[in-house]
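Student: Structure supplied as entry.pdb; contents: PDB, C-alpha atoms.
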```pdb
ATOM      1  CA  ILE W   1     -18.706  69.416  36.472
ATOM      2  CA  GLY W   2     -20.256  71.505  33.735
ATOM      3  CA  ASP W   3     -16.916  72.555  32.274
ATOM      4  CA  ALA W   4     -15.615  68.971  32.386
ATOM      5  CA  ILE W   5     -18.689  67.741  30.520
ATOM      6  CA  ARG W   6     -18.522  70.548  27.954
ATOM      7  CA  SER W   7     -14.889  69.622  27.215
ATOM      8  CA  ALA W   8     -16.042  66.066  26.372
ATOM      9  CA  MET W   9     -19.116  66.939  24.297
ATOM     10  CA  PHE W  10     -17.526  65.409  21.179
ATOM     11  CA  ALA W  11     -17.867  61.913  22.713
ATOM     12  CA  ASP W  12     -20.591  59.446  21.712
ATOM     13  CA  GLU W  13     -21.573  59.161  25.376
ATOM     14  CA  ILE W  14     -20.845  61.082  28.547
ATOM     15  CA  LEU W  15     -21.468  59.016  31.645
ATOM     16  CA  ILE W  16     -21.428  60.426  35.166
ATOM     17  CA  LEU W  17     -21.329  57.956  38.050
ATOM     18  CA  ASP W  18     -22.553  59.992  41.000
ATOM     19  CA  SER W  19     -22.073  58.993  44.628
ATOM     20  CA  ASP W  20     -25.038  60.675  46.290
ATOM     21  CA  SER W  21     -23.661  64.176  45.758
ATOM     22  CA  ILE W  22     -25.524  66.924  47.571
ATOM     23  CA  ASP W  23     -24.774  69.701  45.083
ATOM     24  CA  ASP W  24     -26.239  70.208  41.598
ATOM     25  CA  THR W  25     -23.930  67.703  39.862
ATOM     26  CA  CYS W  26     -26.726  65.422  38.597
ATOM     27  CA  LYS W  27     -28.951  68.296  37.511
ATOM     28  CA  ILE W  28     -26.119  70.016  35.613
ATOM     29  CA  ALA W  29     -24.984  66.754  34.001
ATOM     30  CA  LYS W  30     -28.463  65.815  32.826
ATOM     31  CA  LYS W  31     -29.087  69.323  31.483
ATOM     32  CA  LEU W  32     -25.918  68.982  29.394
ATOM     33  CA  GLY W  33     -27.087  65.624  28.033
ATOM     34  CA  ALA W  34     -24.937  63.301  30.131
ATOM     35  CA  ARG W  35     -26.205  59.928  31.268
ATOM     36  CA  VAL W  36     -26.234  59.903  35.065
ATOM     37  CA  GLU W  37     -26.016  56.741  37.140
ATOM     38  CA  ASN W  38     -25.718  56.444  40.900
ATOM     39  CA  GLN W  39     -23.456  54.231  42.989
ATOM     40  CA  PHE W  40     -22.604  54.545  46.670
ATOM     41  CA  TRP W  41     -18.919  55.333  47.096
ATOM     42  CA  LEU W  42     -16.696  52.269  46.618
ATOM     43  CA  GLY W  43     -13.286  53.955  46.611
ATOM     44  CA  TYR W  44     -11.528  55.539  43.635
ATOM     45  CA  GLY W  45     -10.447  52.370  41.793
ATOM     46  CA  PRO W  46     -13.657  50.362  42.256
ATOM     47  CA  GLN W  47     -15.829  53.413  41.517
ATOM     48  CA  LYS W  48     -14.064  54.090  38.230
ATOM     49  CA  ASN W  49     -14.249  50.398  37.287
ATOM     50  CA  LYS W  50     -18.001  50.538  37.883
ATOM     51  CA  ALA W  51     -18.283  53.575  35.600
ATOM     52  CA  VAL W  52     -16.202  51.870  32.903
ATOM     53  CA  ASP W  53     -18.425  48.777  33.168
ATOM     54  CA  LEU W  54     -21.514  50.954  32.656
ATOM     55  CA  ALA W  55     -20.158  52.596  29.505
ATOM     56  CA  SER W  56     -21.897  51.772  26.229
ATOM     57  CA  ASN W  57     -18.707  51.749  24.158
ATOM     58  CA  ASP W  58     -15.532  49.692  24.402
ATOM     59  CA  TRP W  59     -13.288  52.737  24.086
ATOM     60  CA  VAL W  60     -13.462  55.048  27.101
ATOM     61  CA  PHE W  61     -11.759  58.221  28.214
ATOM     62  CA  VAL W  62     -11.792  58.674  31.988
ATOM     63  CA  LEU W  63     -12.095  62.318  32.997
ATOM     64  CA  ASP W  64     -12.397  63.606  36.560
ATOM     65  CA  SER W  65     -14.572  66.621  37.338
ATOM     66  CA  ASP W  66     -11.478  68.807  37.889
ATOM     67  CA  GLU W  67     -10.051  67.952  34.469
ATOM     68  CA  ARG W  68     -10.676  69.340  30.978
ATOM     69  CA  ILE W  69      -9.990  67.906  27.533
ATOM     70  CA  SER W  70      -8.159  70.560  25.530
ATOM     71  CA  PRO W  71      -9.276  71.222  21.936
ATOM     72  CA  LYS W  72      -5.996  69.787  20.582
ATOM     73  CA  LEU W  73      -6.418  66.643  22.684
ATOM     74  CA  GLN W  74     -10.012  66.337  21.496
ATOM     75  CA  SER W  75      -8.889  66.322  17.853
ATOM     76  CA  GLU W  76      -6.149  63.816  18.613
ATOM     77  CA  ILE W  77      -8.576  61.466  20.409
ATOM     78  CA  ILE W  78     -10.982  61.550  17.460
ATOM     79  CA  SER W  79      -8.246  60.804  14.917
ATOM     80  CA  THR W  80      -6.702  58.101  17.132
ATOM     81  CA  LEU W  81     -10.021  56.301  17.501
ATOM     82  CA  ASP W  82     -10.498  56.278  13.714
ATOM     83  CA  ASN W  83      -7.720  53.672  13.620
ATOM     84  CA  PRO W  84      -6.349  52.779  17.080
ATOM     85  CA  LEU W  85      -2.900  51.190  16.900
ATOM     86  CA  SER W  86      -2.708  50.426  20.635
ATOM     87  CA  ASP W  87      -5.040  49.156  23.362
ATOM     88  CA  GLY W  88      -4.539  52.187  25.569
ATOM     89  CA  TYR W  89      -2.973  55.624  25.553
ATOM     90  CA  PHE W  90      -1.143  57.694  28.122
ATOM     91  CA  VAL W  91      -2.318  61.293  28.266
ATOM     92  CA  ALA W  92      -0.287  64.107  29.800
ATOM     93  CA  ARG W  93      -1.872  66.352  32.409
ATOM     94  CA  LEU W  94      -0.992  70.007  32.687
ATOM     95  CA  ASN W  95      -1.516  70.634  36.401
ATOM     96  CA  ASN W  96      -2.872  73.980  37.499
ATOM     97  CA  PHE W  97      -2.137  74.959  41.102
ATOM     98  CA  PHE W  98      -3.631  78.122  42.588
ATOM     99  CA  GLY W  99      -4.446  79.470  39.111
ATOM    100  CA  LYS W 100      -0.997  78.801  37.594
ATOM    101  CA  ASN W 101      -0.039  76.089  35.104
ATOM    102  CA  ILE W 102       2.981  74.200  36.444
ATOM    103  CA  LYS W 103       5.434  72.751  33.939
ATOM    104  CA  THR W 104       8.326  72.341  36.401
ATOM    105  CA  CYS W 105       9.023  70.396  39.608
ATOM    106  CA  GLY W 106       8.291  67.073  37.869
ATOM    107  CA  LEU W 107       4.592  67.974  37.578
ATOM    108  CA  TYR W 108       4.498  67.978  33.781
ATOM    109  CA  PRO W 109       3.762  65.998  31.698
ATOM    110  CA  ASP W 110       2.263  63.815  34.522
ATOM    111  CA  TYR W 111       1.252  60.926  32.248
ATOM    112  CA  SER W 112      -1.506  58.440  33.044
ATOM    113  CA  ILE W 113      -3.540  56.071  30.897
ATOM    114  CA  ARG W 114      -6.875  57.750  30.225
ATOM    115  CA  LEU W 115      -7.962  56.518  26.799
ATOM    116  CA  PHE W 116      -8.276  52.740  26.578
ATOM    117  CA  ASN W 117     -10.246  49.784  25.324
ATOM    118  CA  ARG W 118     -12.143  48.573  28.374
ATOM    119  CA  LYS W 119     -11.812  44.971  27.166
ATOM    120  CA  ARG W 120      -8.050  45.308  27.673
ATOM    121  CA  GLY W 121      -7.740  47.480  30.791
ATOM    122  CA  LYS W 122      -9.177  48.228  34.196
ATOM    123  CA  PHE W 123      -8.365  50.258  37.274
ATOM    124  CA  LYS W 124      -6.443  48.762  40.156
ATOM    125  CA  ASN W 125      -8.883  47.923  42.933
ATOM    126  CA  VAL W 126      -7.500  50.445  45.448
ATOM    127  CA  PRO W 127      -9.285  53.131  47.471
ATOM    128  CA  VAL W 128      -6.940  55.966  46.389
ATOM    129  CA  HIS W 129      -4.206  56.672  43.804
ATOM    130  CA  GLU W 130      -5.846  54.386  41.269
ATOM    131  CA  SER W 131      -4.260  53.658  37.914
ATOM    132  CA  ILE W 132      -5.230  51.615  34.884
ATOM    133  CA  GLN W 133      -3.651  48.206  34.393
ATOM    134  CA  MET W 134      -3.513  47.162  30.747
ATOM    135  CA  ASP W 135      -3.440  43.748  29.122
ATOM    136  CA  GLY W 136      -2.119  44.971  25.815
ATOM    137  CA  ASN W 137       0.101  47.560  24.207
ATOM    138  CA  VAL W 138       0.078  51.196  25.290
ATOM    139  CA  ASP W 139       1.235  54.328  23.481
ATOM    140  CA  LYS W 140       1.229  58.072  24.256
ATOM    141  CA  LEU W 141      -0.914  60.839  22.859
ATOM    142  CA  ASN W 142       0.909  64.087  22.040
ATOM    143  CA  ASN W 143      -1.530  66.601  23.530
ATOM    144  CA  HIS W 144      -2.403  67.223  27.163
ATOM    145  CA  MET W 145      -5.509  67.695  29.237
ATOM    146  CA  ILE W 146      -5.843  70.358  31.921
ATOM    147  CA  HIS W 147      -5.990  69.373  35.611
ATOM    148  CA  LEU W 148      -7.339  72.117  37.874
ATOM    149  CA  ALA W 149      -5.625  70.589  40.893
ATOM    150  CA  TYR W 150      -6.094  73.107  43.706
ATOM    151  CA  ASP W 151      -7.530  76.592  44.006
ATOM    152  CA  SER W 152      -6.195  77.291  47.503
ATOM    153  CA  LEU W 153      -3.819  76.039  50.159
ATOM    154  CA  ASP W 154      -6.806  75.018  52.297
ATOM    155  CA  GLU W 155      -8.137  72.828  49.468
ATOM    156  CA  PHE W 156      -4.676  71.254  49.025
ATOM    157  CA  ILE W 157      -4.393  70.409  52.740
ATOM    158  CA  ALA W 158      -7.936  69.005  52.904
ATOM    159  CA  LYS W 159      -7.354  66.758  49.868
ATOM    160  CA  GLN W 160      -4.023  65.482  51.207
ATOM    161  CA  LYS W 161      -5.679  64.672  54.534
ATOM    162  CA  LEU W 162      -8.459  62.781  52.727
ATOM    163  CA  TYR W 163      -5.948  60.800  50.630
ATOM    164  CA  SER W 164      -3.995  59.950  53.768
ATOM    165  CA  GLU W 165      -7.128  58.667  55.508
ATOM    166  CA  LEU W 166      -8.189  56.657  52.445
ATOM    167  CA  SER W 167      -4.801  55.002  52.023
ATOM    168  CA  GLN W 168      -5.043  53.671  55.613
ATOM    169  CA  LYS W 169      -1.335  53.022  55.940
ATOM    170  CA  LYS W 170      -0.523  51.198  59.131
ATOM    171  CA  LYS W 171       1.801  53.008  61.482
ATOM    172  CA  ASN W 172       5.205  51.434  61.854
ATOM    173  CA  ILE W 173       7.107  52.943  64.785
ATOM    174  CA  PHE W 174      10.385  51.226  63.863
ATOM    175  CA  LYS W 175      10.238  52.514  60.287
ATOM    176  CA  ALA W 176       9.318  55.987  61.520
ATOM    177  CA  LEU W 177      12.351  56.055  63.820
ATOM    178  CA  MET W 178      14.694  54.789  61.103
ATOM    179  CA  SER W 179      13.243  57.022  58.367
ATOM    180  CA  PRO W 180      11.640  60.182  59.814
ATOM    181  CA  CYS W 181      10.385  61.322  56.385
ATOM    182  CA  TRP W 182       8.205  58.203  56.287
TER     183      TRP W 182
END
```
Please express what this file holds, its structure, as structure tokens.
Tutor:
Amino acid sequence: IGDAIRSAMFADEILILDSDSIDDTCKIAKKLGARVENQFWLGYGPQKNKAVDLASNDWVFVLDSDERISPKLQSEIISTLDNPLSDGYFVARLNNFFGKNIKTCGLYPDYSIRLFNRKRGKFKNVPVHESIQMDGNVDKLNNHMIHLAYDSLDEFIAKQKLYSELSQKKKNIFKALMSPCW
């Protein structure tokens, strides 16, 4: 969390919405000057909407703890917010798997809306694989952020299992027989 916060230190406010973490997240965040609020876990979409609602400013950049704002992206965000021409902006993620940046296999640029006016956008109310829905025009920023996706195969498997449990897809025997990949 410390590196994520340090990458966003140019912002007017850094807000951490903690869900009763048992590590030093809150202590580290407060030491770095972040505002820390607490909310029991609501699911990814609702939790991020709660954090956006708590923000002091209308323009927000949503950054997960395993993501970093690159220096080039930082400069672009600052200049974009001097005169925003859109209501939201897609930002590319450079995914890092097992210590390697991946720019192939359809994993780059991995765009998602991250910078937006909270009066014009909000996260879909879903427990996992949340995305921002905009009521307004959206453009793309040119520079990427870094996503430290997985350090090990064990971490990858554990996260995929968690996402599968959170999505709570109902089993459909007929569909499974007709489409084994499903």
Student: What do you get, as a list of chain:residue names, if you spell out every residue that the PyMOL selection byres ((chain W and resi 71-84) around 9) selects here?
Tutor: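 When the PyMOL selection byres ((chain W and resi 71-84) around 9) is applied, the selected residues are W:Ser7, W:Ala8, W:Phe10, W:Ala11, W:Trp59, W:Ile69, W:Ser70, W:Leu85, W:Ser86, W:Asp87, W:Gly88, W:Val91, W:Leu115, W:Leu141, W:Asn142, W:Asn143, W:His144, W:Met145.
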Student: Could you spell out the hits of the PyMOL selection byres ((chain W and resi 40) around 6) on the shown file, as a list in words?
Tutor: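 On this input, the PyMOL selection byres ((chain W and resi 40) around 6) captures Ser19, Gln39 and Trp41 of chain W.
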Student: May I have the protein, DNA and RNA residues with an atom at most 9 Å from (-8.2, 51.7, 40.4), counting all atoms listed in the file in the file's coordinates, returned as a list in words?
Tutor: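 I get Gly43, Tyr44, Gly45, Pro46, Gln47, Lys48, Asn49, Lys122, Phe123, Lys124, Asn125, Val126, Pro127, Val128, His129, Glu130, Ser131, Ile132 and Gln133 of chain W for the residues within 9 Å of that point.
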Student: Measuring between only C-alpha atoms, which one of W:Asp139, W:Asp24, W:Glu37, W:Asp12 shows the shortest distance to W:Asp53?
Tutor: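 Distance minimum relative to W:Asp53 lands on W:Glu37.
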Student: Kindly give the distance, in Å, that separates atom CA of W:Tyr108 and atom CA of W:Ile157, rounded to a single decimal.
Tutor: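 Atom-to-atom, atom CA of W:Tyr108 and atom CA of W:Ile157 are spaced 21.1 Å apart.
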Student: Write out as a VMD selection string each polymer residue whose atoms come within 12 Å of stretch 92-102 of chain W, counting all atoms listed in the file; drop sequence neighbours fewer than 3 positions from it.
Tutor: chain W and resid 63 to 64 66 to 70 73 89 105 to 115 139 to 156
Student: Could you pull out every residue with an atom within 9 Å of (-23.4, 59.2, 25.8), file coordinates, counting only C-alpha atoms, and send them as a list in words?
Tutor: Met9, Ala11, Asp12, Glu13, Ile14, Leu15, Gly33, Ala34, Arg35, Ala55, Ser56 and Asn57 of chain W
Student: Quick check, in Å to one decimal: how far apart do atom CA of W:Gly2 and atom CA of W:Lys119 lie?
Tutor: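 According to the coordinates, atom CA of W:Gly2 and atom CA of W:Lys119 are separated by 28.6 Å.
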Student: Residue by residue, what does the PyMOL selection byres ((chain W and resi 25) around 12) grab here? Present the result as number ranges by chain.
Tutor: W: 1-5, 16-24, 26-32, 34-38, 65
Student: Measuring atom to atom with only C-alpha atoms, identify which of W:Gly136, W:Ala51, W:Lys103, W:Val60 is nearest to W:Phe116.
Tutor: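 The answer is W:Val60, which sits nearest to W:Phe116.
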Student: Since the input is missing atoms, can you rebuild N, CA and C atoms for stretch 89-115 of chain W and write them as a PDB file, in the coordinates of the input?
Tutor:
```pdb
ATOM      1  N   TYR W  89      -3.828  54.472  25.825  1.00  0.00           N
ATOM      2  CA  TYR W  89      -2.973  55.624  25.553  1.00  0.00           C
ATOM      3  C   TYR W  89      -2.756  56.443  26.822  1.00  0.00           C
ATOM      4  N   PHE W  90      -1.485  56.749  27.073  1.00  0.00           N
ATOM      5  CA  PHE W  90      -1.143  57.694  28.122  1.00  0.00           C
ATOM      6  C   PHE W  90      -1.500  59.090  27.634  1.00  0.00           C
ATOM      7  N   VAL W  91      -2.000  59.898  28.557  1.00  0.00           N
ATOM      8  CA  VAL W  91      -2.318  61.293  28.266  1.00  0.00           C
ATOM      9  C   VAL W  91      -1.622  62.147  29.318  1.00  0.00           C
ATOM     10  N   ALA W  92      -0.953  63.188  28.877  1.00  0.00           N
ATOM     11  CA  ALA W  92      -0.287  64.107  29.800  1.00  0.00           C
ATOM     12  C   ALA W  92      -1.321  65.012  30.464  1.00  0.00           C
ATOM     13  N   ARG W  93      -1.051  65.359  31.710  1.00  0.00           N
ATOM     14  CA  ARG W  93      -1.872  66.352  32.409  1.00  0.00           C
ATOM     15  C   ARG W  93      -1.034  67.588  32.651  1.00  0.00           C
ATOM     16  N   LEU W  94      -1.598  68.730  32.333  1.00  0.00           N
ATOM     17  CA  LEU W  94      -0.992  70.007  32.687  1.00  0.00           C
ATOM     18  C   LEU W  94      -1.680  70.433  33.978  1.00  0.00           C
ATOM     19  N   ASN W  95      -0.946  70.331  35.088  1.00  0.00           N
ATOM     20  CA  ASN W  95      -1.516  70.634  36.401  1.00  0.00           C
ATOM     21  C   ASN W  95      -1.548  72.131  36.651  1.00  0.00           C
ATOM     22  N   ASN W  96      -2.677  72.580  37.179  1.00  0.00           N
ATOM     23  CA  ASN W  96      -2.872  73.980  37.499  1.00  0.00           C
ATOM     24  C   ASN W  96      -3.050  74.087  39.012  1.00  0.00           C
ATOM     25  N   PHE W  97      -2.093  74.749  39.662  1.00  0.00           N
ATOM     26  CA  PHE W  97      -2.137  74.959  41.102  1.00  0.00           C
ATOM     27  C   PHE W  97      -2.343  76.441  41.381  1.00  0.00           C
ATOM     28  N   PHE W  98      -3.368  76.751  42.152  1.00  0.00           N
ATOM     29  CA  PHE W  98      -3.631  78.122  42.588  1.00  0.00           C
ATOM     30  C   PHE W  98      -3.690  79.090  41.412  1.00  0.00           C
ATOM     31  N   GLY W  99      -4.262  78.625  40.279  1.00  0.00           N
ATOM     32  CA  GLY W  99      -4.446  79.470  39.111  1.00  0.00           C
ATOM     33  C   GLY W  99      -3.254  79.540  38.172  1.00  0.00           C
ATOM     34  N   LYS W 100      -2.195  78.772  38.439  1.00  0.00           N
ATOM     35  CA  LYS W 100      -0.997  78.801  37.594  1.00  0.00           C
ATOM     36  C   LYS W 100      -0.719  77.415  37.026  1.00  0.00           C
ATOM     37  N   ASN W 101      -0.462  77.342  35.721  1.00  0.00           N
ATOM     38  CA  ASN W 101      -0.039  76.089  35.104  1.00  0.00           C
ATOM     39  C   ASN W 101       1.397  75.800  35.519  1.00  0.00           C
ATOM     40  N   ILE W 102       1.659  74.577  35.953  1.00  0.00           N
ATOM     41  CA  ILE W 102       2.981  74.200  36.444  1.00  0.00           C
ATOM     42  C   ILE W 102       3.621  73.210  35.472  1.00  0.00           C
ATOM     43  N   LYS W 103       4.710  73.624  34.859  1.00  0.00           N
ATOM     44  CA  LYS W 103       5.434  72.751  33.939  1.00  0.00           C
ATOM     45  C   LYS W 103       6.809  72.375  34.483  1.00  0.00           C
ATOM     46  N   THR W 104       7.049  72.658  35.765  1.00  0.00           N
ATOM     47  CA  THR W 104       8.326  72.341  36.401  1.00  0.00           C
ATOM     48  C   THR W 104       8.081  71.427  37.591  1.00  0.00           C
ATOM     49  N   CYS W 105       9.110  71.179  38.357  1.00  0.00           N
ATOM     50  CA  CYS W 105       9.023  70.396  39.608  1.00  0.00           C
ATOM     51  C   CYS W 105       8.559  68.960  39.367  1.00  0.00           C
ATOM     52  N   GLY W 106       8.721  68.435  38.165  1.00  0.00           N
ATOM     53  CA  GLY W 106       8.291  67.073  37.869  1.00  0.00           C
ATOM     54  C   GLY W 106       6.787  66.913  37.743  1.00  0.00           C
ATOM     55  N   LEU W 107       6.050  68.024  37.651  1.00  0.00           N
ATOM     56  CA  LEU W 107       4.592  67.974  37.578  1.00  0.00           C
ATOM     57  C   LEU W 107       4.047  67.945  36.146  1.00  0.00           C
ATOM     58  N   TYR W 108       4.938  68.041  35.168  1.00  0.00           N
ATOM     59  CA  TYR W 108       4.498  67.978  33.781  1.00  0.00           C
ATOM     60  C   TYR W 108       5.512  67.156  33.010  1.00  0.00           C
ATOM     61  N   PRO W 109       5.078  66.192  32.274  1.00  0.00           N
ATOM     62  CA  PRO W 109       3.762  65.998  31.698  1.00  0.00           C
ATOM     63  C   PRO W 109       2.789  65.161  32.535  1.00  0.00           C
ATOM     64  N   ASP W 110       3.174  64.547  33.623  1.00  0.00           N
ATOM     65  CA  ASP W 110       2.263  63.815  34.522  1.00  0.00           C
ATOM     66  C   ASP W 110       1.354  62.852  33.744  1.00  0.00           C
ATOM     67  N   TYR W 111       1.975  61.877  33.099  1.00  0.00           N
ATOM     68  CA  TYR W 111       1.252  60.926  32.248  1.00  0.00           C
ATOM     69  C   TYR W 111       0.447  59.905  33.049  1.00  0.00           C
ATOM     70  N   SER W 112      -0.726  59.585  32.555  1.00  0.00           N
ATOM     71  CA  SER W 112      -1.506  58.440  33.044  1.00  0.00           C
ATOM     72  C   SER W 112      -2.367  57.931  31.885  1.00  0.00           C
ATOM     73  N   ILE W 113      -2.683  56.649  31.943  1.00  0.00           N
ATOM     74  CA  ILE W 113      -3.540  56.071  30.897  1.00  0.00           C
ATOM     75  C   ILE W 113      -4.949  56.588  31.126  1.00  0.00           C
ATOM     76  N   ARG W 114      -5.526  57.218  30.122  1.00  0.00           N
ATOM     77  CA  ARG W 114      -6.875  57.750  30.225  1.00  0.00           C
ATOM     78  C   ARG W 114      -7.777  57.277  29.098  1.00  0.00           C
ATOM     79  N   LEU W 115      -7.199  57.000  27.950  1.00  0.00           N
ATOM     80  CA  LEU W 115      -7.962  56.518  26.799  1.00  0.00           C
ATOM     81  C   LEU W 115      -7.585  55.055  26.610  1.00  0.00           C
TER      82      LEU W 115
END
```
